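*Asks:* So that you have it, the file is work_5.pdb, and it contains PDB, C-alpha atoms:
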```pdb
ATOM      1  CA  MET P   1      23.907 -18.576  -3.406
ATOM      2  CA  LYS P   2      22.653 -15.329  -4.899
ATOM      3  CA  SER P   3      24.868 -12.621  -3.507
ATOM      4  CA  LYS P   4      24.366  -9.459  -5.567
ATOM      5  CA  LYS P   5      20.983  -7.732  -5.857
ATOM      6  CA  ILE P   6      19.834  -6.275  -9.163
ATOM      7  CA  LEU P   7      16.818  -3.950  -9.062
ATOM      8  CA  ILE P   8      14.958  -3.677 -12.385
ATOM      9  CA  VAL P   9      12.734  -0.571 -12.455
ATOM     10  CA  ASP P  10      10.562  -0.626 -15.574
ATOM     11  CA  ASP P  11       6.831  -0.385 -16.266
ATOM     12  CA  ASP P  12       7.091  -3.073 -18.985
ATOM     13  CA  ALA P  13       6.321  -6.294 -17.078
ATOM     14  CA  VAL P  14       7.420  -8.610 -19.901
ATOM     15  CA  LEU P  15      10.793  -6.891 -20.229
ATOM     16  CA  ARG P  16      11.285  -6.857 -16.443
ATOM     17  CA  GLN P  17      10.504 -10.557 -16.147
ATOM     18  CA  SER P  18      12.565 -11.597 -19.178
ATOM     19  CA  LEU P  19      15.618  -9.647 -18.048
ATOM     20  CA  GLY P  20      15.092 -10.851 -14.491
ATOM     21  CA  LEU P  21      14.954 -14.485 -15.596
ATOM     22  CA  TYR P  22      18.163 -14.110 -17.615
ATOM     23  CA  LEU P  23      20.020 -12.401 -14.759
ATOM     24  CA  SER P  24      18.736 -14.816 -12.113
ATOM     25  CA  GLN P  25      20.373 -17.613 -14.148
ATOM     26  CA  LYS P  26      23.645 -15.689 -13.653
ATOM     27  CA  ASP P  27      23.151 -16.053  -9.872
ATOM     28  CA  PHE P  28      21.911 -12.544  -9.131
ATOM     29  CA  GLU P  29      19.033 -11.885  -6.763
ATOM     30  CA  ILE P  30      16.424 -10.041  -8.842
ATOM     31  CA  LEU P  31      14.151  -7.327  -7.480
ATOM     32  CA  GLU P  32      11.433  -5.864  -9.718
ATOM     33  CA  ALA P  33       9.557  -2.571  -9.522
ATOM     34  CA  GLU P  34       6.820  -1.474 -11.913
ATOM     35  CA  ASP P  35       7.443   2.257 -11.522
ATOM     36  CA  GLY P  36       9.917   4.747 -10.119
ATOM     37  CA  LYS P  37       8.079   5.257  -6.830
ATOM     38  CA  VAL P  38       8.028   1.552  -5.980
ATOM     39  CA  GLY P  39      11.615   1.290  -7.269
ATOM     40  CA  PHE P  40      12.849   4.100  -5.043
ATOM     41  CA  ASP P  41      11.148   2.545  -2.006
ATOM     42  CA  MET P  42      12.877  -0.758  -2.826
ATOM     43  CA  TYR P  43      16.219   1.040  -3.317
ATOM     44  CA  MET P  44      15.878   2.605   0.134
ATOM     45  CA  THR P  45      14.916  -0.611   1.946
ATOM     46  CA  LEU P  46      16.676  -3.391   0.019
ATOM     47  CA  HIS P  47      19.944  -1.645  -0.988
ATOM     48  CA  PRO P  48      20.503  -3.189  -4.440
ATOM     49  CA  ASP P  49      24.000  -3.439  -5.877
ATOM     50  CA  VAL P  50      22.891  -2.402  -9.389
ATOM     51  CA  ILE P  51      19.765  -0.596 -10.606
ATOM     52  CA  ILE P  52      18.524  -1.064 -14.178
ATOM     53  CA  LEU P  53      16.315   1.962 -14.761
ATOM     54  CA  ASP P  54      13.783   2.866 -17.436
ATOM     55  CA  MET P  55      13.381   6.604 -18.030
ATOM     56  CA  MET P  56       9.720   6.810 -19.084
ATOM     57  CA  MET P  57       7.509   5.485 -16.284
ATOM     58  CA  PRO P  58       4.382   6.535 -14.413
ATOM     59  CA  ASN P  59       4.432   8.105 -10.926
ATOM     60  CA  VAL P  60       8.190   8.788 -10.755
ATOM     61  CA  THR P  61      10.173   9.083 -14.002
ATOM     62  CA  GLY P  62      13.725   7.870 -14.470
ATOM     63  CA  ASN P  63      15.030  11.446 -14.221
ATOM     64  CA  GLU P  64      13.145  11.979 -10.965
ATOM     65  CA  PHE P  65      14.437   8.639  -9.657
ATOM     66  CA  ILE P  66      18.025   9.660 -10.430
ATOM     67  CA  GLU P  67      17.537  12.983  -8.617
ATOM     68  CA  MET P  68      16.037  11.202  -5.594
ATOM     69  CA  VAL P  69      18.990   8.794  -5.465
ATOM     70  CA  ARG P  70      21.414  11.728  -5.812
ATOM     71  CA  ALA P  71      19.718  13.519  -2.897
ATOM     72  CA  HIS P  72      19.967  10.391  -0.748
ATOM     73  CA  ASN P  73      23.496   9.272  -1.660
ATOM     74  CA  GLU P  74      25.254  10.814  -4.663
ATOM     75  CA  LYS P  75      27.715   7.905  -4.856
ATOM     76  CA  ASP P  76      24.837   5.505  -5.596
ATOM     77  CA  ILE P  77      24.375   7.149  -9.016
ATOM     78  CA  GLU P  78      27.217   4.798 -10.045
ATOM     79  CA  LYS P  79      24.853   1.834  -9.456
ATOM     80  CA  ILE P  80      22.417   2.964 -12.164
ATOM     81  CA  LEU P  81      22.307   1.514 -15.666
ATOM     82  CA  VAL P  82      19.713   3.292 -17.810
ATOM     83  CA  MET P  83      17.740   1.143 -20.257
ATOM     84  CA  THR P  84      15.213   3.127 -22.259
ATOM     85  CA  ASN P  85      13.532   3.830 -25.574
ATOM     86  CA  LYS P  86      14.885   7.385 -25.541
ATOM     87  CA  GLU P  87      17.655   7.476 -28.152
ATOM     88  CA  GLU P  88      18.074  11.192 -28.858
ATOM     89  CA  MET P  89      21.565  12.532 -28.151
ATOM     90  CA  LEU P  90      20.051  15.229 -25.927
ATOM     91  CA  ASP P  91      18.458  12.527 -23.745
ATOM     92  CA  VAL P  92      21.740  10.615 -23.520
ATOM     93  CA  ALA P  93      23.650  13.807 -22.663
ATOM     94  CA  ASP P  94      21.099  14.667 -19.956
ATOM     95  CA  VAL P  95      21.538  11.289 -18.255
ATOM     96  CA  ILE P  96      25.333  11.487 -18.506
ATOM     97  CA  SER P  97      25.270  14.999 -17.018
ATOM     98  CA  LYS P  98      23.540  13.492 -13.968
ATOM     99  CA  GLY P  99      26.463  11.106 -13.470
ATOM    100  CA  VAL P 100      25.010   7.951 -15.033
ATOM    101  CA  THR P 101      27.682   6.413 -17.238
ATOM    102  CA  ASP P 102      25.863   3.399 -18.678
ATOM    103  CA  TYR P 103      22.985   3.866 -21.129
ATOM    104  CA  VAL P 104      21.378   1.118 -23.219
ATOM    105  CA  THR P 105      18.547   1.615 -25.695
ATOM    106  CA  LYS P 106      15.744  -0.945 -25.627
ATOM    107  CA  SER P 107      15.791  -1.213 -29.403
ATOM    108  CA  ASN P 108      19.322  -2.638 -29.136
ATOM    109  CA  ILE P 109      19.004  -4.885 -26.087
ATOM    110  CA  ASP P 110      21.857  -7.347 -25.928
ATOM    111  CA  LEU P 111      21.632  -9.442 -22.760
ATOM    112  CA  GLU P 112      25.332 -10.315 -22.784
ATOM    113  CA  ASN P 113      26.182  -6.601 -23.060
ATOM    114  CA  ILE P 114      23.902  -5.794 -20.110
ATOM    115  CA  TYR P 115      25.487  -8.633 -18.133
ATOM    116  CA  GLY P 116      28.939  -7.232 -18.942
ATOM    117  CA  LEU P 117      27.911  -3.730 -17.835
ATOM    118  CA  ILE P 118      26.582  -5.161 -14.567
ATOM    119  CA  LEU P 119      29.829  -7.044 -13.937
ATOM    120  CA  ARG P 120      31.788  -3.847 -14.587
ATOM    121  CA  LYS P 121      29.588  -1.887 -12.162
ATOM    122  CA  LEU P 122      30.218  -4.580  -9.556
ATOM    123  CA  GLY P 123      33.968  -4.530 -10.212
ATOM    124  CA  LEU P 124      33.941  -8.195 -11.267
TER     125      LEU P 124
END
```
Let's see the structure in the file written out as structure tokens.
*Replies:*
Amino acid sequence: MKSKKILIVDDDAVLRQSLGLYLSQKDFEILEAEDGKVGFDMYMTLHPDVIILDMMMPNVTGNEFIEMVRAHNEKDIEKILVMTNKEEMLDVADVISKGVTDYVTKSNIDLENIYGLILRKLGL
């Protein structure tokens, strides 16, 4: 039984599907959104337990998504794991200043590390 919902918000379909396949094998229910607007709508209606969020997307960026989540429920910022190509320290500091504590660069994707971060977010 898939109990915990993971929402993957990324405009890269191959990455979304690959990560989703890996995490579904770990018994998570996977939700996918191709941009921040669709992702925020899914966040509001489906109440995911963890959100894996890209920062550079069309329609609603990762930063805008974070601000929208903060405006809705500031505590839900803890659910967000940022996964992006942005590696500059200023970008990392900006995300951390918004309350997001987990930040993974796409150039260094390690599925086991992402799985571990998800488990930590879930308190497992």
*Asks:* Using the chain letters and numbering of this document, enumerate as a PyMOL selection string the residues selected by the PyMOL selection byres ((chain P and resi 115-121) around 9).
*Replies:* chain P and resi 6+23+26+49-50+78-81+102+110-114+122-124
*Asks:* Quick one: which residues end up in the PyMOL selection byres ((chain P and resi 42-47) around 12) for this structure, as a ChimeraX atom specification?
*Replies:* /P:4-9,29-41,48-53,65-66,68-69,71-73,76-77,79-80
*Asks:* Would you give the centre and edge lengths, in Å to one decimal, of a box along x, y and z around the listed atoms of region 53-67 of chain P, with 6 Å added to each side, as lines of an AutoDock Vina configuration file?
*Replies:*
```
center_x = 11.2
center_y = 7.5
center_z = -13.9
size_x = 25.6
size_y = 23.0
size_z = 22.5
```
*Asks:* Restricting the calculation to all atoms listed in the file, which member of P:Val95, P:Met83, P:Leu21, P:Met55 is positioned closest to Asn108 (chain P)?
*Replies:*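 Nearest candidate to Asn108 (chain P) out of P:Val95, P:Met83, P:Leu21, P:Met55: P:Met83.
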*Asks:* Just to confirm, what's the straight-line distance from CA of Gly99 (chain P) to CA of Pro58 (chain P) in Å (one decimal)?
*Replies:*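 Between these atoms lies a distance of 22.6 Å.
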*Asks:* Could you jot down the CA of Thr105 (chain P) to CA of Arg16 (chain P) separation for me, Å, one decimal place?
*Replies:* 14.5 Å
*Asks:* Here is a test: counting only C-alpha atoms, which residue of P:Ser97, P:Ser3, P:Thr84, P:Asp10 is nearest to Val60 (chain P)?
*Replies:*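 Among the listed residues, the smallest separation from Val60 (chain P) belongs to P:Asp10.
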*Asks:* To one decimal place, how far is CA of Met57 (chain P) from CA of Ile96 (chain P) in Å?
*Replies:* 18.9 Å
*Asks:* Quick one: region 43-79 of chain P with N, CA and C atoms, as a PDB file, in the coordinates of the input?
*Replies:*
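Wrote part.pdb, looks like this:
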```pdb
ATOM      1  N   TYR P  43      14.821   0.587  -3.424  1.00  0.00           N
ATOM      2  CA  TYR P  43      16.219   1.040  -3.317  1.00  0.00           C
ATOM      3  C   TYR P  43      16.538   1.409  -1.869  1.00  0.00           C
ATOM      4  N   MET P  44      15.640   2.141  -1.237  1.00  0.00           N
ATOM      5  CA  MET P  44      15.878   2.605   0.134  1.00  0.00           C
ATOM      6  C   MET P  44      15.889   1.464   1.151  1.00  0.00           C
ATOM      7  N   THR P  45      15.036   0.458   0.949  1.00  0.00           N
ATOM      8  CA  THR P  45      14.916  -0.611   1.946  1.00  0.00           C
ATOM      9  C   THR P  45      15.772  -1.845   1.655  1.00  0.00           C
ATOM     10  N   LEU P  46      16.002  -2.141   0.369  1.00  0.00           N
ATOM     11  CA  LEU P  46      16.676  -3.391   0.019  1.00  0.00           C
ATOM     12  C   LEU P  46      18.124  -3.217  -0.433  1.00  0.00           C
ATOM     13  N   HIS P  47      18.556  -1.975  -0.660  1.00  0.00           N
ATOM     14  CA  HIS P  47      19.944  -1.645  -0.988  1.00  0.00           C
ATOM     15  C   HIS P  47      20.539  -2.506  -2.112  1.00  0.00           C
ATOM     16  N   PRO P  48      19.983  -2.387  -3.319  1.00  0.00           N
ATOM     17  CA  PRO P  48      20.503  -3.189  -4.440  1.00  0.00           C
ATOM     18  C   PRO P  48      21.924  -2.773  -4.813  1.00  0.00           C
ATOM     19  N   ASP P  49      22.631  -3.701  -5.432  1.00  0.00           N
ATOM     20  CA  ASP P  49      24.000  -3.439  -5.877  1.00  0.00           C
ATOM     21  C   ASP P  49      24.023  -2.743  -7.224  1.00  0.00           C
ATOM     22  N   VAL P  50      23.027  -3.025  -8.066  1.00  0.00           N
ATOM     23  CA  VAL P  50      22.891  -2.402  -9.389  1.00  0.00           C
ATOM     24  C   VAL P  50      21.411  -2.112  -9.618  1.00  0.00           C
ATOM     25  N   ILE P  51      21.137  -0.982 -10.273  1.00  0.00           N
ATOM     26  CA  ILE P  51      19.765  -0.596 -10.606  1.00  0.00           C
ATOM     27  C   ILE P  51      19.672  -0.440 -12.121  1.00  0.00           C
ATOM     28  N   ILE P  52      18.799  -1.218 -12.748  1.00  0.00           N
ATOM     29  CA  ILE P  52      18.524  -1.064 -14.178  1.00  0.00           C
ATOM     30  C   ILE P  52      17.249  -0.232 -14.260  1.00  0.00           C
ATOM     31  N   LEU P  53      17.359   0.951 -14.865  1.00  0.00           N
ATOM     32  CA  LEU P  53      16.315   1.962 -14.761  1.00  0.00           C
ATOM     33  C   LEU P  53      15.781   2.397 -16.115  1.00  0.00           C
ATOM     34  N   ASP P  54      14.464   2.295 -16.278  1.00  0.00           N
ATOM     35  CA  ASP P  54      13.783   2.866 -17.436  1.00  0.00           C
ATOM     36  C   ASP P  54      13.608   4.359 -17.159  1.00  0.00           C
ATOM     37  N   MET P  55      13.531   5.163 -18.209  1.00  0.00           N
ATOM     38  CA  MET P  55      13.381   6.604 -18.030  1.00  0.00           C
ATOM     39  C   MET P  55      11.933   7.066 -18.110  1.00  0.00           C
ATOM     40  N   MET P  56      11.114   6.381 -18.893  1.00  0.00           N
ATOM     41  CA  MET P  56       9.720   6.810 -19.084  1.00  0.00           C
ATOM     42  C   MET P  56       8.789   5.860 -18.344  1.00  0.00           C
ATOM     43  N   MET P  57       8.374   6.300 -17.134  1.00  0.00           N
ATOM     44  CA  MET P  57       7.509   5.485 -16.284  1.00  0.00           C
ATOM     45  C   MET P  57       6.474   6.369 -15.607  1.00  0.00           C
ATOM     46  N   PRO P  58       5.367   5.763 -15.170  1.00  0.00           N
ATOM     47  CA  PRO P  58       4.382   6.535 -14.413  1.00  0.00           C
ATOM     48  C   PRO P  58       4.864   6.799 -12.982  1.00  0.00           C
ATOM     49  N   ASN P  59       4.215   7.734 -12.337  1.00  0.00           N
ATOM     50  CA  ASN P  59       4.432   8.105 -10.926  1.00  0.00           C
ATOM     51  C   ASN P  59       5.758   8.831 -10.699  1.00  0.00           C
ATOM     52  N   VAL P  60       6.863   8.168 -10.879  1.00  0.00           N
ATOM     53  CA  VAL P  60       8.190   8.788 -10.755  1.00  0.00           C
ATOM     54  C   VAL P  60       8.981   8.391 -11.997  1.00  0.00           C
ATOM     55  N   THR P  61       9.414   9.369 -12.780  1.00  0.00           N
ATOM     56  CA  THR P  61      10.173   9.083 -14.002  1.00  0.00           C
ATOM     57  C   THR P  61      11.603   8.680 -13.660  1.00  0.00           C
ATOM     58  N   GLY P  62      12.319   8.211 -14.667  1.00  0.00           N
ATOM     59  CA  GLY P  62      13.725   7.870 -14.470  1.00  0.00           C
ATOM     60  C   GLY P  62      14.547   9.072 -14.017  1.00  0.00           C
ATOM     61  N   ASN P  63      14.307  10.232 -14.630  1.00  0.00           N
ATOM     62  CA  ASN P  63      15.030  11.446 -14.221  1.00  0.00           C
ATOM     63  C   ASN P  63      14.751  11.791 -12.767  1.00  0.00           C
ATOM     64  N   GLU P  64      13.495  11.693 -12.360  1.00  0.00           N
ATOM     65  CA  GLU P  64      13.145  11.979 -10.965  1.00  0.00           C
ATOM     66  C   GLU P  64      13.793  10.955 -10.027  1.00  0.00           C
ATOM     67  N   PHE P  65      13.808   9.694 -10.447  1.00  0.00           N
ATOM     68  CA  PHE P  65      14.437   8.639  -9.657  1.00  0.00           C
ATOM     69  C   PHE P  65      15.920   8.956  -9.442  1.00  0.00           C
ATOM     70  N   ILE P  66      16.600   9.331 -10.525  1.00  0.00           N
ATOM     71  CA  ILE P  66      18.025   9.660 -10.430  1.00  0.00           C
ATOM     72  C   ILE P  66      18.243  10.812  -9.448  1.00  0.00           C
ATOM     73  N   GLU P  67      17.411  11.842  -9.528  1.00  0.00           N
ATOM     74  CA  GLU P  67      17.537  12.983  -8.617  1.00  0.00           C
ATOM     75  C   GLU P  67      17.278  12.574  -7.171  1.00  0.00           C
ATOM     76  N   MET P  68      16.329  11.678  -6.943  1.00  0.00           N
ATOM     77  CA  MET P  68      16.037  11.202  -5.594  1.00  0.00           C
ATOM     78  C   MET P  68      17.212  10.391  -5.044  1.00  0.00           C
ATOM     79  N   VAL P  69      17.810   9.559  -5.893  1.00  0.00           N
ATOM     80  CA  VAL P  69      18.990   8.794  -5.465  1.00  0.00           C
ATOM     81  C   VAL P  69      20.136   9.761  -5.152  1.00  0.00           C
ATOM     82  N   ARG P  70      20.347  10.744  -6.024  1.00  0.00           N
ATOM     83  CA  ARG P  70      21.414  11.728  -5.812  1.00  0.00           C
ATOM     84  C   ARG P  70      21.234  12.442  -4.470  1.00  0.00           C
ATOM     85  N   ALA P  71      19.993  12.820  -4.154  1.00  0.00           N
ATOM     86  CA  ALA P  71      19.718  13.519  -2.897  1.00  0.00           C
ATOM     87  C   ALA P  71      19.979  12.622  -1.691  1.00  0.00           C
ATOM     88  N   HIS P  72      19.743  11.325  -1.851  1.00  0.00           N
ATOM     89  CA  HIS P  72      19.967  10.391  -0.748  1.00  0.00           C
ATOM     90  C   HIS P  72      21.445  10.047  -0.592  1.00  0.00           C
ATOM     91  N   ASN P  73      22.088   9.669  -1.696  1.00  0.00           N
ATOM     92  CA  ASN P  73      23.496   9.272  -1.660  1.00  0.00           C
ATOM     93  C   ASN P  73      24.072   9.418  -3.062  1.00  0.00           C
ATOM     94  N   GLU P  74      24.754  10.509  -3.321  1.00  0.00           N
ATOM     95  CA  GLU P  74      25.254  10.814  -4.663  1.00  0.00           C
ATOM     96  C   GLU P  74      26.116   9.684  -5.236  1.00  0.00           C
ATOM     97  N   LYS P  75      26.852   8.995  -4.391  1.00  0.00           N
ATOM     98  CA  LYS P  75      27.715   7.905  -4.856  1.00  0.00           C
ATOM     99  C   LYS P  75      26.903   6.764  -5.489  1.00  0.00           C
ATOM    100  N   ASP P  76      25.665   6.589  -5.065  1.00  0.00           N
ATOM    101  CA  ASP P  76      24.837   5.505  -5.596  1.00  0.00           C
ATOM    102  C   ASP P  76      24.420   5.719  -7.050  1.00  0.00           C
ATOM    103  N   ILE P  77      24.647   6.907  -7.597  1.00  0.00           N
ATOM    104  CA  ILE P  77      24.375   7.149  -9.016  1.00  0.00           C
ATOM    105  C   ILE P  77      25.182   6.140  -9.852  1.00  0.00           C
ATOM    106  N   GLU P  78      26.353   5.753  -9.347  1.00  0.00           N
ATOM    107  CA  GLU P  78      27.217   4.798 -10.045  1.00  0.00           C
ATOM    108  C   GLU P  78      26.547   3.433 -10.209  1.00  0.00           C
ATOM    109  N   LYS P  79      25.551   3.125  -9.397  1.00  0.00           N
ATOM    110  CA  LYS P  79      24.853   1.834  -9.456  1.00  0.00           C
ATOM    111  C   LYS P  79      23.864   1.757 -10.612  1.00  0.00           C
TER     112      LYS P  79
END
```
